[in-house]
2 protein chains.
Amino acid sequence: MRADRILLAHGSGGTMMKELIEEVFVAGFGDEVLHRMDDAASLDFPGSRLAFSTDTYTVSPLFFPGGDIGRLAVCGTVNDVATSGATPLYLSVGFVLEEGMPVEDLKRILVSMHDAAAEAGVRIVTGDTKVVERGHGDGVYINTAGVGVLADGVDLSGSHCRPGDVVLLSGTLGDHGIAVVSTREGLSFSTDIRTDAAPLNHLVAAVLAAAPGVRCFRDPTRGGLASTLNELADASRVSITVRENDVPVREQVRGASEMLGYDVFQVANEGKMVAVVPADQAAAALAAMKSAPYGEEAAIVGEVAEAPAGKVYVKTSFGATRIMDMLVGEQLPRIC
Amino acid sequence: MRADRILLAHGSGGTMMKELIEEVFVAGFGDEVLHRMDDAASLDFPGSRLAFSTDTYTVSPLFFPGGDIGRLAVCGTVNDVATSGATPLYLSVGFVLEEGMPVEDLKRILVSMHDAAAEAGVRIVTGDTKVVERGHGDGVYINTAGVGVLADGVDLSGSHCRPGDVVLLSGTLGDHGIAVVSTREGLSFSTDIRTDAAPLNHLVAAVLAAAPGVRCFRDPTRGGLASTLNELADASRVSITVRENDVPVREQVRGASEMLGYDVFQVANEGKMVAVVPADQAAAALAAMKSAPYGEEAAIVGEVAEAPAGKVYVKTSFGATRIMDMLVGEQLPRIC
């Protein structure tokens with residue numbers, strides 16, 4: 001590719017777009033179906049039910065400790081598909097490039113996407129690229145959509161939580177949000193805190209195999225654990241209580257959250273999974289989670305009760321109980 | 001929803017995002033699977049092969065004669081999936097909203113998406129929304145990804161064209177590109193020229209049924225017919241010749257193209273389909289196309305020859321032959 005920066009012509013449908021697609025995107029991702037250069041990928045599908053999800057990634061800055069927008073764009077959608085209990089198979093990718101973006105940055109992002117997809121065991125099979133004028137984007141926005149295959153009988157939903165169920169969390173809270181915001185604001189502790197962005201499909205599969213009665217999985221991204229649990233409590237018309245002492249949080253993340261005035265329960269994660277399971281399968285689910293990649297620090301953090309429906313509580317380390325609210329207003333824009 | 005403009009908090013993962021999703025997106029699209037509010041949609045899939053495609057839409061302005069970005073975002077991806085010969089079933093939608101966008105504009109776009117999806121017979125089943133700061137977007141960018149089911153034995157590809165094949169075009173060229181650019185530039189003929197954006201999956205299915213030997217379908221969007229035919233000639237290592245006199249172009253579009261200095265073969269279309277078929281099935285394919293929705297003005301416009309491989313020619317109305325080049329550089333940014 002001759003240009004070292006993205007030009008409007010790279011989105012024109014003409015010869016320069018062809019060059020960008022062939023030499024950067026297809027070469028970067030490498031999947032054989034991309035080499036056919038057809039408008040849609042034709043793929044085998046080994047089942048009668050599928051899971052389908054999408055997310056657009058607009059994180060700023062594009063690069064941050066432990067990851068970048070590319071790793072995020074693959075892991076986030078893999079995890080969303082996995083929450084249904086499906087095995088993620090295929091990803092589509094749509095880029096909105098800003099005129100002037102360095103092609104080297106784009107290539108670096110594609111390497112991250114390729115590596116994350118390989119780790120997750122999914123194929124990037126179709127894509128699209130648009131270019132917008134300088135100032136109308138932010139380097140790059142990336143959309144990914146994911147398709148997975150659902151085994152017969154698997155029917156997980158945030159509306160399936162029942163009183164007596166147990167809430168598991170796969171690891172520490174807040175790493176991603178604090179890593180991004182501290183990089184963005186140029187805060188000095190940024191080098192110690194890294195994003196947790198990771199593909200959790202293998203972890204989900206392990207828990208589902210060990211605890212087939214699992215009610216649901218949910219990855220606590222934007223809005224953090226607080227949003228996730230409030231959504232589950234609302235959808236299932238149950239109450240959830242979390243024990244603060246049992247929730248793993250790294251010391252640096254806890255300190256940074258306090259300094260910045262954030263509630264760590266509301267900070268975004270990109271490599272954590274919540275699972276709600278019947279009490280009699282909790283031990284098996286926890287053991288499976290701890291043995292799975294990215295699950296070493298998993299813990300049982302709370303329980304589901306009948307009432308008051310839709311409410312989430314925290315038992316604090318001082319023995320008090322407070323409401324765990326969803327974020328009101330806006331705290332951390334452009335975190336994912 | 002209380003706000004009449006999009007705020008950063010609508011992308012926060014908190015209560016305002018929940019309100020936007022429930023009251024605007026889920027209410028606007030209405031599909032039952034959206035009401036479950038899970039991170040991935042779980043869906044039936046009636047086959048063993050699927051087609052998967054994606055496109056992001058960044059058209060400016062958002063509204064133009066005959067359509068808007070919403071209609072485009074549904075039709076474009078439906079058509080890309082249909083080019084494989086698949087029956088499109090499901091769409092995902094990812095929005096990048098700009099802070100300050102009027103909520104009324106967003107609702108108008110959702111109505112267009114809903115109506116286009118209903119016309120195509122596809123379901124919008126999963127989605128995501130991000131909000132970027134004022135000035136970092138353009139009202140809204142929309143990504144859609146589409147999944148369709150492929151019947152056994154259907155294997156269409158741009159690499160399957162053979163010498164002797166016939167090239168069909170489903171209608172007039174250039175309407176979309178000229179409608180958008182003339183609206184954007186405030187040109188007076190804009191009211192006469194409307195986008196052709198339309199779902200062509202029913203047309204594709206009709207042609208495939210009538211002419212099962214069809215080699216490929218391709219929708220000539222960015223880069224126009226010139227890019228499409230050059231891609232096919234390149235992928236199949238054949239030559240294609242088009243007769244200018246046989247290519248339908250509206251008088252106003254031809255005049256506007258000449259005035260603006262555009263080659264109508266390079267102008268974008270959003271409701272046209274190219275089909276390459278064996279000569280002995282051309283009459284059946286043409287009849288099916290003409291009887292299908294949006295195919296009334298279909299025509300046989302050219303032929304495939306063996307050599308020179310990768311080259312596309314136009315026989316002009318004056319009897320001369322010239323090369324039909326792909327667009328070099330950039331002509332009409334943000335047309336889709």
# chains A, B, ... in the order shown; residues from 1 in each chain; ligands from 1
>>> select_by_dssp(residues="stretch 43-82 of chain A", states="strand (DSSP E)", output="ChimeraX atom specification")
/A:43-44,49-57,63-64,67-68
>>> write_last_selection(atoms="all heavy atoms", output="CSV table (one decimal), in the first residue's frame")
chain,number,residue,atom,x,y,z
A,43,LEU,N,-20.8,-19.9,4.7
A,43,LEU,CA,-20.1,-20.6,5.8
A,43,LEU,C,-20.9,-21.8,6.3
A,43,LEU,O,-22.2,-21.8,6.2
A,43,LEU,CB,-19.9,-19.6,7.0
A,43,LEU,CG,-19.2,-18.4,6.7
A,43,LEU,CD1,-19.5,-17.3,7.7
A,43,LEU,CD2,-17.7,-18.6,6.7
A,44,ASP,N,-20.2,-22.8,6.7
A,44,ASP,CA,-20.9,-23.9,7.3
A,44,ASP,C,-21.5,-23.5,8.7
A,44,ASP,O,-20.9,-22.8,9.4
A,44,ASP,CB,-20.0,-25.1,7.5
A,44,ASP,CG,-19.6,-25.7,6.2
A,44,ASP,OD1,-20.4,-25.7,5.2
A,44,ASP,OD2,-18.5,-26.2,6.1
A,49,ARG,N,-29.7,-23.8,16.0
A,49,ARG,CA,-30.0,-22.5,16.7
A,49,ARG,C,-28.7,-21.7,16.8
A,49,ARG,O,-27.6,-22.2,17.0
A,49,ARG,CB,-30.5,-22.8,18.1
A,49,ARG,CG,-31.9,-23.3,18.1
A,49,ARG,CD,-32.3,-23.9,19.5
A,49,ARG,NE,-32.4,-22.8,20.5
A,49,ARG,CZ,-31.7,-22.8,21.6
A,49,ARG,NH1,-31.0,-23.8,22.0
A,49,ARG,NH2,-31.9,-21.8,22.5
A,50,LEU,N,-28.9,-20.4,16.6
A,50,LEU,CA,-27.7,-19.6,16.6
A,50,LEU,C,-27.8,-18.4,17.6
A,50,LEU,O,-29.0,-18.0,18.0
A,50,LEU,CB,-27.3,-19.0,15.2
A,50,LEU,CG,-28.2,-18.1,14.4
A,50,LEU,CD1,-28.2,-16.7,15.0
A,50,LEU,CD2,-27.8,-18.1,13.0
A,51,ALA,N,-26.7,-17.9,18.0
A,51,ALA,CA,-26.7,-16.7,18.8
A,51,ALA,C,-26.0,-15.6,18.0
A,51,ALA,O,-25.1,-15.8,17.2
A,51,ALA,CB,-25.8,-16.9,20.1
A,52,PHE,N,-26.5,-14.4,18.1
A,52,PHE,CA,-26.1,-13.3,17.3
A,52,PHE,C,-26.0,-12.0,18.1
A,52,PHE,O,-26.9,-11.7,18.9
A,52,PHE,CB,-27.2,-13.1,16.2
A,52,PHE,CG,-26.9,-12.2,15.0
A,52,PHE,CD1,-25.6,-11.9,14.7
A,52,PHE,CD2,-27.9,-11.6,14.3
A,52,PHE,CE1,-25.3,-11.1,13.6
A,52,PHE,CE2,-27.6,-10.8,13.2
A,52,PHE,CZ,-26.3,-10.5,12.8
A,53,SER,N,-24.9,-11.3,18.0
A,53,SER,CA,-24.7,-10.1,18.8
A,53,SER,C,-23.8,-9.1,18.1
A,53,SER,O,-23.1,-9.5,17.2
A,53,SER,CB,-24.1,-10.5,20.2
A,53,SER,OG,-24.1,-9.4,21.1
A,54,THR,N,-23.9,-7.9,18.5
A,54,THR,CA,-23.0,-6.8,17.9
A,54,THR,C,-22.6,-5.8,18.9
A,54,THR,O,-23.3,-5.6,19.9
A,54,THR,CB,-23.8,-6.2,16.7
A,54,THR,OG1,-22.8,-5.4,16.0
A,54,THR,CG2,-24.9,-5.2,17.2
A,55,ASP,N,-21.5,-5.1,18.7
A,55,ASP,CA,-21.1,-4.0,19.5
A,55,ASP,C,-20.2,-3.1,18.6
A,55,ASP,O,-19.5,-3.6,17.8
A,55,ASP,CB,-20.2,-4.4,20.7
A,55,ASP,CG,-21.0,-4.3,22.0
A,55,ASP,OD1,-22.0,-3.5,22.1
A,55,ASP,OD2,-20.6,-5.0,23.0
A,56,THR,N,-20.3,-1.8,18.8
A,56,THR,CA,-19.4,-0.9,18.2
A,56,THR,C,-18.5,-0.3,19.2
A,56,THR,O,-18.9,-0.1,20.3
A,56,THR,CB,-20.2,0.3,17.5
A,56,THR,OG1,-21.2,-0.2,16.7
A,56,THR,CG2,-19.2,1.1,16.6
A,57,TYR,N,-17.2,-0.2,18.8
A,57,TYR,CA,-16.2,0.2,19.8
A,57,TYR,C,-15.7,1.6,19.4
A,57,TYR,O,-15.3,1.8,18.2
A,57,TYR,CB,-15.1,-0.8,19.8
A,57,TYR,CG,-15.6,-2.1,20.3
A,57,TYR,CD1,-16.3,-3.0,19.3
A,57,TYR,CD2,-15.7,-2.5,21.6
A,57,TYR,CE1,-16.9,-4.2,19.8
A,57,TYR,CE2,-16.3,-3.7,22.0
A,57,TYR,CZ,-16.9,-4.5,21.1
A,57,TYR,OH,-17.6,-5.6,21.5
A,63,PHE,N,-5.1,3.1,22.0
A,63,PHE,CA,-4.2,2.2,22.6
A,63,PHE,C,-4.1,2.5,24.1
A,63,PHE,O,-4.0,3.7,24.5
A,63,PHE,CB,-2.8,2.4,21.9
A,63,PHE,CG,-2.8,2.1,20.4
A,63,PHE,CD1,-2.9,3.1,19.5
A,63,PHE,CD2,-2.7,0.8,20.0
A,63,PHE,CE1,-3.0,2.9,18.2
A,63,PHE,CE2,-2.7,0.5,18.6
A,63,PHE,CZ,-2.8,1.6,17.7
A,64,PHE,N,-4.0,1.5,24.9
A,64,PHE,CA,-3.9,1.7,26.4
A,64,PHE,C,-3.2,0.5,27.0
A,64,PHE,O,-3.0,-0.5,26.3
A,64,PHE,CB,-5.3,1.9,26.9
A,64,PHE,CG,-6.4,1.1,26.3
A,64,PHE,CD1,-6.6,-0.3,26.8
A,64,PHE,CD2,-7.2,1.5,25.3
A,64,PHE,CE1,-7.5,-1.1,26.2
A,64,PHE,CE2,-8.1,0.7,24.7
A,64,PHE,CZ,-8.3,-0.6,25.1
A,67,GLY,N,-3.8,-3.4,26.0
A,67,GLY,CA,-4.7,-3.7,24.9
A,67,GLY,C,-4.9,-2.5,24.0
A,67,GLY,O,-4.2,-1.5,24.2
A,68,ASP,N,-5.8,-2.7,23.1
A,68,ASP,CA,-6.2,-1.6,22.2
A,68,ASP,C,-7.6,-1.8,21.7
A,68,ASP,O,-8.2,-2.8,22.1
A,68,ASP,CB,-5.2,-1.5,21.1
A,68,ASP,CG,-5.1,-2.7,20.2
A,68,ASP,OD1,-6.1,-3.5,20.1
A,68,ASP,OD2,-4.0,-3.0,19.7
>>> residues_around(residues="B:Asp234", least_positions_apart="6", cutoff="9 Å", atoms="only C-alpha atoms", output="number ranges by chain")
B: 158-159, 309-311
>>> write_last_selection(atoms="all heavy atoms", output="mmCIF file, in the first residue's frame")
data_model
loop_
_atom_site.group_PDB
_atom_site.id
_atom_site.type_symbol
_atom_site.label_atom_id
_atom_site.label_comp_id
_atom_site.auth_asym_id
_atom_site.auth_seq_id
_atom_site.Cartn_x
_atom_site.Cartn_y
_atom_site.Cartn_z
ATOM 1 N N GLY B 158 -18.174 -14.224 -7.221
ATOM 2 C CA GLY B 158 -17.676 -13.367 -8.284
ATOM 3 C C GLY B 158 -16.579 -14.018 -9.107
ATOM 4 O O GLY B 158 -16.241 -13.528 -10.188
ATOM 5 N N SER B 159 -16.062 -15.119 -8.623
ATOM 6 C CA SER B 159 -14.997 -15.817 -9.361
ATOM 7 C C SER B 159 -15.545 -16.878 -10.308
ATOM 8 O O SER B 159 -14.774 -17.600 -10.943
ATOM 9 C CB SER B 159 -14.022 -16.453 -8.369
ATOM 10 O OG SER B 159 -14.693 -17.425 -7.582
ATOM 11 N N ALA B 309 -8.027 -10.980 -19.818
ATOM 12 C CA ALA B 309 -8.492 -11.250 -18.465
ATOM 13 C C ALA B 309 -8.388 -10.007 -17.588
ATOM 14 O O ALA B 309 -7.379 -9.298 -17.608
ATOM 15 C CB ALA B 309 -7.675 -12.385 -17.849
ATOM 16 N N GLY B 310 -9.459 -9.745 -16.829
ATOM 17 C CA GLY B 310 -9.436 -8.641 -15.889
ATOM 18 C C GLY B 310 -9.841 -7.298 -16.474
ATOM 19 O O GLY B 310 -9.882 -6.305 -15.752
ATOM 20 N N LYS B 311 -10.160 -7.264 -17.776
ATOM 21 C CA LYS B 311 -10.479 -5.971 -18.400
ATOM 22 C C LYS B 311 -11.985 -5.838 -18.651
ATOM 23 O O LYS B 311 -12.659 -6.810 -19.001
ATOM 24 C CB LYS B 311 -9.758 -5.838 -19.747
ATOM 25 C CG LYS B 311 -8.241 -5.770 -19.631
ATOM 26 C CD LYS B 311 -7.793 -4.427 -19.071
ATOM 27 C CE LYS B 311 -6.278 -4.350 -19.031
ATOM 28 N NZ LYS B 311 -5.809 -3.187 -18.247
#
>>> closest_atom_pairs(of="chain B", to="chain A", cutoff="6 Å", atoms="only C-alpha atoms", output="Markdown table")
| residue | atom | partner | partner_atom | distance |
| --- | --- | --- | --- | --- |
| B:Ala9 | CA | A:Glu330 | CA | 4.3 |
| B:Ser12 | CA | A:Glu330 | CA | 5.5 |
| B:Gly13 | CA | A:Gly223 | CA | 4.3 |
| B:Gly14 | CA | A:Leu327 | CA | 4.4 |
| B:Thr15 | CA | A:Val328 | CA | 5.6 |
| B:Asp39 | CA | A:Asp80 | CA | 5.4 |
| B:Ala40 | CA | A:Ser53 | CA | 4.6 |
| B:Ala41 | CA | A:Phe52 | CA | 5.2 |
| B:Ser42 | CA | A:Ala51 | CA | 4.5 |
| B:Leu43 | CA | A:Leu50 | CA | 5.2 |
| B:Asp44 | CA | A:Arg49 | CA | 4.4 |
| B:Phe45 | CA | A:Ser48 | CA | 4.9 |
| B:Ser48 | CA | A:Phe45 | CA | 4.9 |
| B:Arg49 | CA | A:Asp44 | CA | 4.4 |
| B:Leu50 | CA | A:Leu43 | CA | 5.2 |
| B:Ala51 | CA | A:Ser42 | CA | 4.5 |
| B:Phe52 | CA | A:Ala41 | CA | 5.2 |
| B:Ser53 | CA | A:Ala40 | CA | 4.6 |
| B:Thr54 | CA | A:Gly127 | CA | 5.9 |
| B:Asp55 | CA | A:Asp128 | CA | 5.3 |
| B:Thr56 | CA | A:Gly94 | CA | 5.9 |
| B:Asp80 | CA | A:Asp39 | CA | 5.4 |
| B:Val81 | CA | A:Ala40 | CA | 5.4 |
| B:Gly94 | CA | A:Thr56 | CA | 5.9 |
| B:Thr126 | CA | A:Ser53 | CA | 5.8 |
| B:Gly127 | CA | A:Thr54 | CA | 5.9 |
| B:Asp128 | CA | A:Asp55 | CA | 5.3 |
| B:His136 | CA | A:Gly137 | CA | 4.9 |
| B:Gly137 | CA | A:His136 | CA | 4.9 |
| B:Arg222 | CA | A:Gly13 | CA | 4.7 |
| B:Gly223 | CA | A:Gly13 | CA | 4.3 |
| B:Met326 | CA | A:Gly14 | CA | 5.5 |
| B:Leu327 | CA | A:Gly14 | CA | 4.4 |
| B:Val328 | CA | A:Thr15 | CA | 5.6 |
| B:Gly329 | CA | A:Ala9 | CA | 4.9 |
| B:Glu330 | CA | A:Ala9 | CA | 4.3 |
>>> write_last_selection(atoms="N, CA, C and O atoms", output="CSV table (one decimal), in the first residue's frame")
chain,number,residue,atom,x,y,z
B,9,ALA,N,-24.6,10.8,28.4
B,9,ALA,CA,-25.1,9.8,29.3
B,9,ALA,C,-25.9,8.7,28.7
B,9,ALA,O,-26.1,7.6,29.2
B,12,SER,N,-23.8,5.6,28.5
B,12,SER,CA,-23.0,5.3,29.7
B,12,SER,C,-23.1,3.9,30.3
B,12,SER,O,-22.4,3.5,31.1
B,13,GLY,N,-24.2,3.2,29.8
B,13,GLY,CA,-24.4,1.9,30.5
B,13,GLY,C,-25.3,2.1,31.7
B,13,GLY,O,-25.6,1.1,32.4
B,14,GLY,N,-25.8,3.3,32.0
B,14,GLY,CA,-26.6,3.6,33.2
B,14,GLY,C,-28.1,3.7,32.9
B,14,GLY,O,-28.6,3.2,31.8
B,15,THR,N,-28.8,4.4,33.7
B,15,THR,CA,-30.2,4.5,33.6
B,15,THR,C,-30.7,5.2,32.3
B,15,THR,O,-31.7,4.9,31.8
B,39,ASP,N,-27.7,-10.0,26.0
B,39,ASP,CA,-26.6,-9.4,25.2
B,39,ASP,C,-26.5,-10.0,23.9
B,39,ASP,O,-25.8,-9.5,23.0
B,40,ALA,N,-27.0,-11.2,23.7
B,40,ALA,CA,-27.0,-11.9,22.4
B,40,ALA,C,-28.4,-12.4,22.1
B,40,ALA,O,-29.1,-12.8,23.1
B,41,ALA,N,-28.9,-12.4,20.9
B,41,ALA,CA,-30.2,-13.0,20.5
B,41,ALA,C,-30.0,-14.4,20.3
B,41,ALA,O,-29.0,-14.8,19.6
B,42,SER,N,-30.9,-15.3,20.8
B,42,SER,CA,-30.9,-16.7,20.5
B,42,SER,C,-32.0,-17.0,19.5
B,42,SER,O,-33.1,-16.7,19.7
B,43,LEU,N,-31.6,-17.6,18.4
B,43,LEU,CA,-32.5,-17.7,17.2
B,43,LEU,C,-32.5,-19.1,16.6
B,43,LEU,O,-31.5,-19.7,16.5
B,44,ASP,N,-33.6,-19.4,16.0
B,44,ASP,CA,-33.7,-20.6,15.2
B,44,ASP,C,-32.9,-20.4,13.9
B,44,ASP,O,-32.9,-19.3,13.3
B,45,PHE,N,-32.3,-21.5,13.4
B,45,PHE,CA,-31.6,-21.4,12.1
B,45,PHE,C,-31.9,-22.6,11.3
B,45,PHE,O,-31.4,-23.7,11.6
B,48,SER,N,-27.9,-25.7,7.1
B,48,SER,CA,-26.6,-26.1,7.5
B,48,SER,C,-25.5,-25.1,7.0
B,48,SER,O,-24.3,-25.3,7.2
B,49,ARG,N,-25.9,-24.1,6.2
B,49,ARG,CA,-24.9,-23.1,5.7
B,49,ARG,C,-25.5,-21.8,5.8
B,49,ARG,O,-26.7,-21.5,5.6
B,50,LEU,N,-24.7,-20.8,6.2
B,50,LEU,CA,-25.2,-19.4,6.3
B,50,LEU,C,-24.4,-18.5,5.5
B,50,LEU,O,-23.2,-18.7,5.2
B,51,ALA,N,-25.0,-17.3,5.3
B,51,ALA,CA,-24.3,-16.2,4.7
B,51,ALA,C,-24.2,-15.1,5.7
B,51,ALA,O,-25.2,-14.9,6.5
B,52,PHE,N,-23.1,-14.4,5.7
B,52,PHE,CA,-22.9,-13.4,6.8
B,52,PHE,C,-22.2,-12.2,6.1
B,52,PHE,O,-21.3,-12.3,5.3
B,53,SER,N,-22.7,-11.0,6.4
B,53,SER,CA,-22.2,-9.8,5.7
B,53,SER,C,-22.4,-8.6,6.7
B,53,SER,O,-23.2,-8.6,7.6
B,54,THR,N,-21.6,-7.5,6.4
B,54,THR,CA,-21.8,-6.3,7.2
B,54,THR,C,-21.5,-5.1,6.4
B,54,THR,O,-20.7,-5.2,5.4
B,55,ASP,N,-22.0,-4.0,6.8
B,55,ASP,CA,-21.7,-2.7,6.2
B,55,ASP,C,-22.0,-1.6,7.3
B,55,ASP,O,-22.9,-1.7,8.1
B,56,THR,N,-21.1,-0.6,7.3
B,56,THR,CA,-21.4,0.6,8.1
B,56,THR,C,-21.8,1.7,7.2
B,56,THR,O,-21.3,1.9,6.1
B,80,ASP,N,-26.4,-7.3,0.4
B,80,ASP,CA,-25.1,-8.0,0.4
B,80,ASP,C,-25.3,-9.5,0.8
B,80,ASP,O,-24.7,-10.3,0.2
B,81,VAL,N,-26.2,-9.7,1.7
B,81,VAL,CA,-26.4,-11.1,2.1
B,81,VAL,C,-27.1,-11.9,0.9
B,81,VAL,O,-26.7,-13.0,0.6
B,94,GLY,N,-25.8,-1.6,15.0
B,94,GLY,CA,-24.9,-0.8,15.9
B,94,GLY,C,-24.9,0.6,15.6
B,94,GLY,O,-24.6,1.0,14.4
B,126,THR,N,-30.8,-7.8,17.4
B,126,THR,CA,-29.8,-7.5,18.4
B,126,THR,C,-29.2,-6.1,18.1
B,126,THR,O,-29.1,-5.8,16.9
B,127,GLY,N,-28.7,-5.4,19.1
B,127,GLY,CA,-28.2,-4.1,18.8
B,127,GLY,C,-27.3,-3.5,19.9
B,127,GLY,O,-27.1,-4.1,20.9
B,128,ASP,N,-26.7,-2.4,19.5
B,128,ASP,CA,-25.8,-1.7,20.5
B,128,ASP,C,-25.8,-0.2,20.1
B,128,ASP,O,-26.0,0.2,19.0
B,136,HIS,N,-17.4,14.6,17.0
B,136,HIS,CA,-16.7,13.4,16.7
B,136,HIS,C,-17.5,12.4,15.9
B,136,HIS,O,-17.1,11.2,15.8
B,137,GLY,N,-18.6,12.8,15.4
B,137,GLY,CA,-19.5,11.9,14.5
B,137,GLY,C,-20.2,12.8,13.5
B,137,GLY,O,-19.8,13.9,13.2
B,222,ARG,N,-20.9,1.6,-3.9
B,222,ARG,CA,-19.7,2.5,-4.0
B,222,ARG,C,-18.9,2.1,-5.2
B,222,ARG,O,-18.5,0.9,-5.4
B,223,GLY,N,-18.5,3.1,-6.0
B,223,GLY,CA,-17.7,2.7,-7.2
B,223,GLY,C,-18.5,2.3,-8.4
B,223,GLY,O,-18.0,2.2,-9.5
B,326,MET,N,-12.1,1.4,-13.2
B,326,MET,CA,-12.5,1.6,-11.8
B,326,MET,C,-12.2,3.1,-11.4
B,326,MET,O,-11.2,3.6,-12.0
B,327,LEU,N,-12.9,3.6,-10.5
B,327,LEU,CA,-12.6,4.9,-10.0
B,327,LEU,C,-11.2,5.0,-9.5
B,327,LEU,O,-10.8,4.1,-8.7
B,328,VAL,N,-10.5,6.0,-9.8
B,328,VAL,CA,-9.2,6.2,-9.2
B,328,VAL,C,-9.3,7.5,-8.3
B,328,VAL,O,-9.9,8.5,-8.7
B,329,GLY,N,-8.8,7.4,-7.2
B,329,GLY,CA,-9.0,8.5,-6.3
B,329,GLY,C,-10.4,8.6,-5.7
B,329,GLY,O,-11.1,7.5,-5.7
B,330,GLU,N,-10.9,9.7,-5.4
B,330,GLU,CA,-12.1,9.8,-4.7
B,330,GLU,C,-13.0,10.9,-5.4
B,330,GLU,O,-12.6,11.9,-5.8
>>> residues_around(residues="A:Glu303", least_positions_apart="2", cutoff="8 Å", atoms="only C-alpha atoms", output="list of chain:residue names")
A:Pro163, A:Gly164, A:Asp165, A:Val166, A:Val167, A:Ile240, A:Thr241, A:Val242, A:Val301, A:Ala305
>>> residues_around(residues="stretch 248-250 of chain B", least_positions_apart="5", cutoff="10 Å", atoms="only C-alpha atoms", output="VMD selection string")
chain B and resid 169 to 175 193 255 to 256 264 to 265 297 to 301
>>> write_last_selection(atoms="C-alpha atoms", output="mmCIF file, in the first residue's frame")
data_model
loop_
_atom_site.group_PDB
_atom_site.id
_atom_site.type_symbol
_atom_site.label_atom_id
_atom_site.label_comp_id
_atom_site.auth_asym_id
_atom_site.auth_seq_id
_atom_site.Cartn_x
_atom_site.Cartn_y
_atom_site.Cartn_z
ATOM 1 C CA LEU B 169 -28.681 -5.247 -14.641
ATOM 2 C CA SER B 170 -31.923 -4.849 -12.672
ATOM 3 C CA GLY B 171 -32.623 -1.195 -13.518
ATOM 4 C CA THR B 172 -31.373 2.363 -13.966
ATOM 5 C CA LEU B 173 -27.914 3.484 -12.872
ATOM 6 C CA GLY B 174 -26.822 6.397 -10.717
ATOM 7 C CA ASP B 175 -30.031 7.407 -8.929
ATOM 8 C CA ILE B 193 -33.932 12.500 -8.499
ATOM 9 C CA GLY B 255 -27.864 15.184 -17.324
ATOM 10 C CA ALA B 256 -26.838 15.729 -13.710
ATOM 11 C CA VAL B 264 -22.498 7.401 -14.421
ATOM 12 C CA PHE B 265 -20.874 3.944 -14.500
ATOM 13 C CA GLU B 297 -36.444 -1.846 -16.037
ATOM 14 C CA ALA B 298 -34.038 -4.779 -16.009
ATOM 15 C CA ALA B 299 -31.952 -5.340 -19.113
ATOM 16 C CA ILE B 300 -29.240 -7.522 -20.570
ATOM 17 C CA VAL B 301 -26.333 -5.102 -20.747
#
>>> select_by_dssp(residues="stretch 159-233 of chain A", states="alpha helix (DSSP H)", output="ChimeraX atom specification")
/A:175-185,201-210,224-233
>>> write_last_selection(atoms="C-alpha atoms", output="short mmCIF file (atom, residue, chain, number, x, y, z; two decimals), in the first residue's frame")
data_model
loop_
_atom_site.label_atom_id
_atom_site.label_comp_id
_atom_site.auth_asym_id
_atom_site.auth_seq_id
_atom_site.Cartn_x
_atom_site.Cartn_y
_atom_site.Cartn_z
CA ASP A 175 -9.26 -2.83 35.61
CA HIS A 176 -10.40 -1.84 32.11
CA GLY A 177 -12.16 1.40 32.97
CA ILE A 178 -9.39 2.67 35.21
CA ALA A 179 -6.68 1.70 32.68
CA VAL A 180 -8.40 3.64 29.90
CA VAL A 181 -9.35 6.72 31.89
CA SER A 182 -5.95 7.01 33.51
CA THR A 183 -4.23 6.77 30.11
CA ARG A 184 -6.60 9.37 28.71
CA GLU A 185 -6.06 11.76 31.58
CA ASN A 201 -15.81 -18.09 25.62
CA HIS A 202 -13.65 -20.95 26.89
CA LEU A 203 -14.43 -19.97 30.50
CA VAL A 204 -18.16 -19.86 29.76
CA ALA A 205 -18.03 -23.28 28.08
CA ALA A 206 -16.23 -24.76 31.08
CA VAL A 207 -18.78 -23.39 33.56
CA LEU A 208 -21.71 -24.51 31.42
CA ALA A 209 -20.29 -28.03 31.24
CA ALA A 210 -19.72 -28.18 35.01
CA GLY A 224 -19.99 -2.14 35.54
CA LEU A 225 -21.26 -4.83 37.89
CA ALA A 226 -23.94 -2.43 39.15
CA SER A 227 -25.64 -2.19 35.75
CA THR A 228 -25.37 -5.91 35.13
CA LEU A 229 -26.91 -6.94 38.44
CA ASN A 230 -29.64 -4.31 38.25
CA GLU A 231 -30.55 -5.55 34.76
CA LEU A 232 -30.71 -9.14 36.01
CA ALA A 233 -32.74 -8.20 39.11
#
